[in-house]
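J.: The following block contains the structure, expressed as structure tokens.
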Amino acid sequence: MPLILEFKSSTFSVPVLVLSSDDLPVIEQRLQDKINLAPEFFKNSPLVLDLHEINKQGYNIDLVAVTEIIRKAGMFPIGVRGGNAQQNKQALELLIPIYSNHIGGVLAEAQKPKATEPEPKAELDFVTSTLITQPIRSGQRIYATGDLVITAQVSAGAEIMAEGNIHVYNSLRGRALAGVQGNTEARIFCFDLQAELISIAGIYKVSEDLDETSRGKPVQIYLQDQALIIKDIVQHH
Amino acid sequence: MARIIVVTSGKGGVGKTTTSAAIAMGLAKKGHKTAVIDFDVGLRNLDLIMGCERRVVYDFVNVINGEAKLNQALIQDKNCKNLSILPASQTRDKDALSQEGVGRVLDELKKDFEYIVCDSPAGIEKGAHLAMYFADDAFVVTNPEVSSVRDSDRMLGLLASKSRRAEQNEEPIKEYLLLSRYSPDRVKLGEMLSVDDVQDILSLHLLGVIPESKSVLNASNSGTPVILDEKSDAGQAYADIVARYLGEERPHRFIDDKKGFFRKLFGSK
Ligand SMILES: Nc1ncnc2c1ncn2[C@@H]1O[C@H](COP(=O)(O)OP(=O)(O)O)[C@@H](O)[C@H]1O
Ligand SMILES: [Mg+2]
């Protein structure tokens, strides 16, 4: 019998929008500000809406209106998580699937159709890691919601962004931005530092500001007292 | 199964058309039925390099629009009957090409030809995108200078993400580096990047180095692909490239400053 279809399990990296306010005009403005930073990246991007924070703070939010804002901004909401029973019901009416917080990757597991209970208290972090083995060429952009691991080179003119850590086991010649959602604990590790720009939680250095002694070396980069520290991975004695 | 080769670069004036003409002729002379297509709508010049500009009746756009049959537009090369040229339109603009139309013409060519060489226009816009979209193999032509290498890198990113193979999750396009207009003297003076510099930046399989050579200009003035000038350094470089592409092992040449041997043998070029 010819193969007509089959189910495969696959993991995708999808940006997650965490809301902490119920002020719709402000949300719309901030969202647009974020998108303007990397318009090509966000264009037609799928997006998961995280309501955990907003519910924790006791706000309520009109899911229909938020969905509209997201669509207007050129993105496609493909999931809601951390919602309460009423929000989940609203999401299903909008044909948006519901994800529970403890799934490892957004689309990694079959949906639980009756996940209409309020979230249990357990606050598990959303950690995925994205592995890339092909070179990231000039003009390409990569965004990872968790850690980003790249075994090939990152060319000048390329941009890699992660909400978590970035590891590049090759030459890093492009721009690397770790902790892009504000995680100051995030680090960048690379095998050969020749970056055009490095940034952690928004604090950055451009190529010109890089210390010549760290250029071309395996280094790790982290934040200490609001300053980027670049250190050899291999400590010399 | 026919293979579609795109000759691409991002940057203009690096030698794409020179290369397309040379390798198409090289493949044909090795006995493979080959077609070469000019995708540079509005700036056609492949027909000049191939010396068939006075035999153009219909062009690529006519075929796409159904105004001519494919075999009415194909021009058989005067030197080699295995080789056919599909010229670009000089009078239309780039929007005359559509993905569906290009796909249709390529499918038809695949029935009759073993290799289809697509000469890409410069840039990364529609024309260049359509030239590479259906490719199986990409010959990335680069000059040993930073801006050209950067543009090639950009093009490699598009080959890996915006091609048919990428979109349909098939095996990726095979990418080859052709380093053209290479001049060991100028590399030595630090005026040009070396082969190693370029490979370090692009990390790509080097198919061959084509030296900067007067023979290229002579060939294009006479309307014969430079590969037919068997005594010329550039002609030999292209012959090596075709042989390597077809699986032969040949040592790389024209990288070092050792011009003595050929100079002595064939006279200065
Ligand atoms: N190896 C070479 N040595 C010297 N001149 C070359 C060489 N390759 C190309 N050229 C010249 O460079 C110019 C651009 O070449 P062309 O093949 O038309 O580039 P493209 O198609 O990439 O725009 C032409 O004038 C051509 O004669
Ligand atoms: Mg050209």
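Residue numbering restarts at 1 for every chain of the structure tokens, chains are lettered A, B, ... in their displayed order, and ligands are numbered from 1 as they appear.
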Could you give me, as number ranges by chain, every polymer residue with an atom at most 10 Å away from an atom of ligand 1, counting only C-alpha atoms and all ligand atoms?

T.: B: 7-22, 38, 40, 43-46, 49, 119-122, 141-143, 179-183, 209-221, 226, 233-235, 237-238

J.: Go through segment 22-127 of chain B and collect every residue that DSSP, computed from the backbone, puts in strand (DSSP E or B); the answer should be as a ChimeraX atom specification.

T.: /B:34-38,75-76,83-86,115-119

J.: Create the file for the chosen residues now, containing N, CA, C and O atoms and written as a PDB file, in the first residue's frame.

T.:
```pdb
ATOM      1  N   THR B  34      23.762  19.589 -23.128  1.00  0.00           N
ATOM      2  CA  THR B  34      23.719  20.691 -22.160  1.00  0.00           C
ATOM      3  C   THR B  34      22.963  21.888 -22.733  1.00  0.00           C
ATOM      4  O   THR B  34      23.109  22.211 -23.912  1.00  0.00           O
ATOM      5  N   ALA B  35      22.166  22.515 -21.869  1.00  0.00           N
ATOM      6  CA  ALA B  35      21.513  23.772 -22.245  1.00  0.00           C
ATOM      7  C   ALA B  35      21.976  24.851 -21.283  1.00  0.00           C
ATOM      8  O   ALA B  35      22.184  24.586 -20.103  1.00  0.00           O
ATOM      9  N   VAL B  36      22.176  26.053 -21.799  1.00  0.00           N
ATOM     10  CA  VAL B  36      22.547  27.157 -20.926  1.00  0.00           C
ATOM     11  C   VAL B  36      21.524  28.279 -21.094  1.00  0.00           C
ATOM     12  O   VAL B  36      21.160  28.639 -22.217  1.00  0.00           O
ATOM     13  N   ILE B  37      21.015  28.764 -19.959  1.00  0.00           N
ATOM     14  CA  ILE B  37      19.927  29.752 -19.986  1.00  0.00           C
ATOM     15  C   ILE B  37      20.415  31.076 -19.419  1.00  0.00           C
ATOM     16  O   ILE B  37      21.018  31.119 -18.346  1.00  0.00           O
ATOM     17  N   ASP B  38      20.124  32.151 -20.126  1.00  0.00           N
ATOM     18  CA  ASP B  38      20.428  33.498 -19.644  1.00  0.00           C
ATOM     19  C   ASP B  38      19.231  34.025 -18.847  1.00  0.00           C
ATOM     20  O   ASP B  38      18.162  34.255 -19.412  1.00  0.00           O
ATOM     21  N   ILE B  75      18.898  27.839 -29.303  1.00  0.00           N
ATOM     22  CA  ILE B  75      19.856  28.014 -30.398  1.00  0.00           C
ATOM     23  C   ILE B  75      20.962  26.982 -30.232  1.00  0.00           C
ATOM     24  O   ILE B  75      21.599  26.920 -29.177  1.00  0.00           O
ATOM     25  N   GLN B  76      21.154  26.187 -31.280  1.00  0.00           N
ATOM     26  CA  GLN B  76      22.219  25.185 -31.174  1.00  0.00           C
ATOM     27  C   GLN B  76      23.567  25.853 -31.419  1.00  0.00           C
ATOM     28  O   GLN B  76      23.716  26.660 -32.335  1.00  0.00           O
ATOM     29  N   LEU B  83      25.351  21.402 -27.394  1.00  0.00           N
ATOM     30  CA  LEU B  83      25.101  22.583 -26.570  1.00  0.00           C
ATOM     31  C   LEU B  83      24.013  23.468 -27.186  1.00  0.00           C
ATOM     32  O   LEU B  83      24.057  23.778 -28.375  1.00  0.00           O
ATOM     33  N   SER B  84      23.034  23.865 -26.358  1.00  0.00           N
ATOM     34  CA  SER B  84      22.003  24.795 -26.816  1.00  0.00           C
ATOM     35  C   SER B  84      21.915  25.973 -25.871  1.00  0.00           C
ATOM     36  O   SER B  84      22.148  25.834 -24.672  1.00  0.00           O
ATOM     37  N   ILE B  85      21.564  27.122 -26.454  1.00  0.00           N
ATOM     38  CA  ILE B  85      21.488  28.352 -25.662  1.00  0.00           C
ATOM     39  C   ILE B  85      20.049  28.854 -25.679  1.00  0.00           C
ATOM     40  O   ILE B  85      19.415  28.906 -26.734  1.00  0.00           O
ATOM     41  N   LEU B  86      19.567  29.220 -24.488  1.00  0.00           N
ATOM     42  CA  LEU B  86      18.262  29.876 -24.405  1.00  0.00           C
ATOM     43  C   LEU B  86      18.507  31.321 -23.993  1.00  0.00           C
ATOM     44  O   LEU B  86      18.800  31.593 -22.830  1.00  0.00           O
ATOM     45  N   TYR B 115      22.476  18.356 -18.540  1.00  0.00           N
ATOM     46  CA  TYR B 115      22.824  19.475 -17.666  1.00  0.00           C
ATOM     47  C   TYR B 115      22.141  20.749 -18.156  1.00  0.00           C
ATOM     48  O   TYR B 115      22.111  21.011 -19.364  1.00  0.00           O
ATOM     49  N   ILE B 116      21.610  21.500 -17.204  1.00  0.00           N
ATOM     50  CA  ILE B 116      21.001  22.787 -17.523  1.00  0.00           C
ATOM     51  C   ILE B 116      21.712  23.834 -16.670  1.00  0.00           C
ATOM     52  O   ILE B 116      21.667  23.777 -15.442  1.00  0.00           O
ATOM     53  N   VAL B 117      22.421  24.724 -17.355  1.00  0.00           N
ATOM     54  CA  VAL B 117      23.216  25.732 -16.654  1.00  0.00           C
ATOM     55  C   VAL B 117      22.444  27.048 -16.648  1.00  0.00           C
ATOM     56  O   VAL B 117      22.030  27.537 -17.700  1.00  0.00           O
ATOM     57  N   CYS B 118      22.213  27.598 -15.473  1.00  0.00           N
ATOM     58  CA  CYS B 118      21.453  28.836 -15.349  1.00  0.00           C
ATOM     59  C   CYS B 118      22.399  29.983 -15.003  1.00  0.00           C
ATOM     60  O   CYS B 118      22.980  30.009 -13.918  1.00  0.00           O
ATOM     61  N   ASP B 119      22.542  30.919 -15.931  1.00  0.00           N
ATOM     62  CA  ASP B 119      23.401  32.083 -15.707  1.00  0.00           C
ATOM     63  C   ASP B 119      22.586  33.137 -14.961  1.00  0.00           C
ATOM     64  O   ASP B 119      21.683  33.745 -15.520  1.00  0.00           O
TER      65      ASP B 119
END
```

J.: What are the residues of chain A that have an atom within 12 Å of an atom of chain B, counting only C-alpha atoms, as a list in words?

T.: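 Applying the cut-off to the listed atoms yields Gln134, Pro135, Ile136, Arg137, Ser138, Gly139, Gln140, Arg141, Ile142, Ala152, Gln153, Val154, Ser155, Ala156, Gly157, Ala158, Asn170, Ser171, Leu172, Arg173, Gly174 and Gln194 of chain A.
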
J.: Based on DSSP run over this structure's backbone, return all residues of chain A in helix (DSSP H, G or I), as number ranges by chain.

T.: A: 24-37, 39-42, 52-56, 63-72, 85-93, 207-209, 212-214

J.: Would you list the contacts of segment 180-190 of chain A as a PyMOL selection string, taking every protein, DNA or RNA residue within 10 Å and counting only C-alpha atoms, but skipping same-chain residues closer than 2 positions in sequence?

T.: chain A and resi 17-18+143-145+147-151+161-172+176-178+192-195+198-203+216-226+228-233
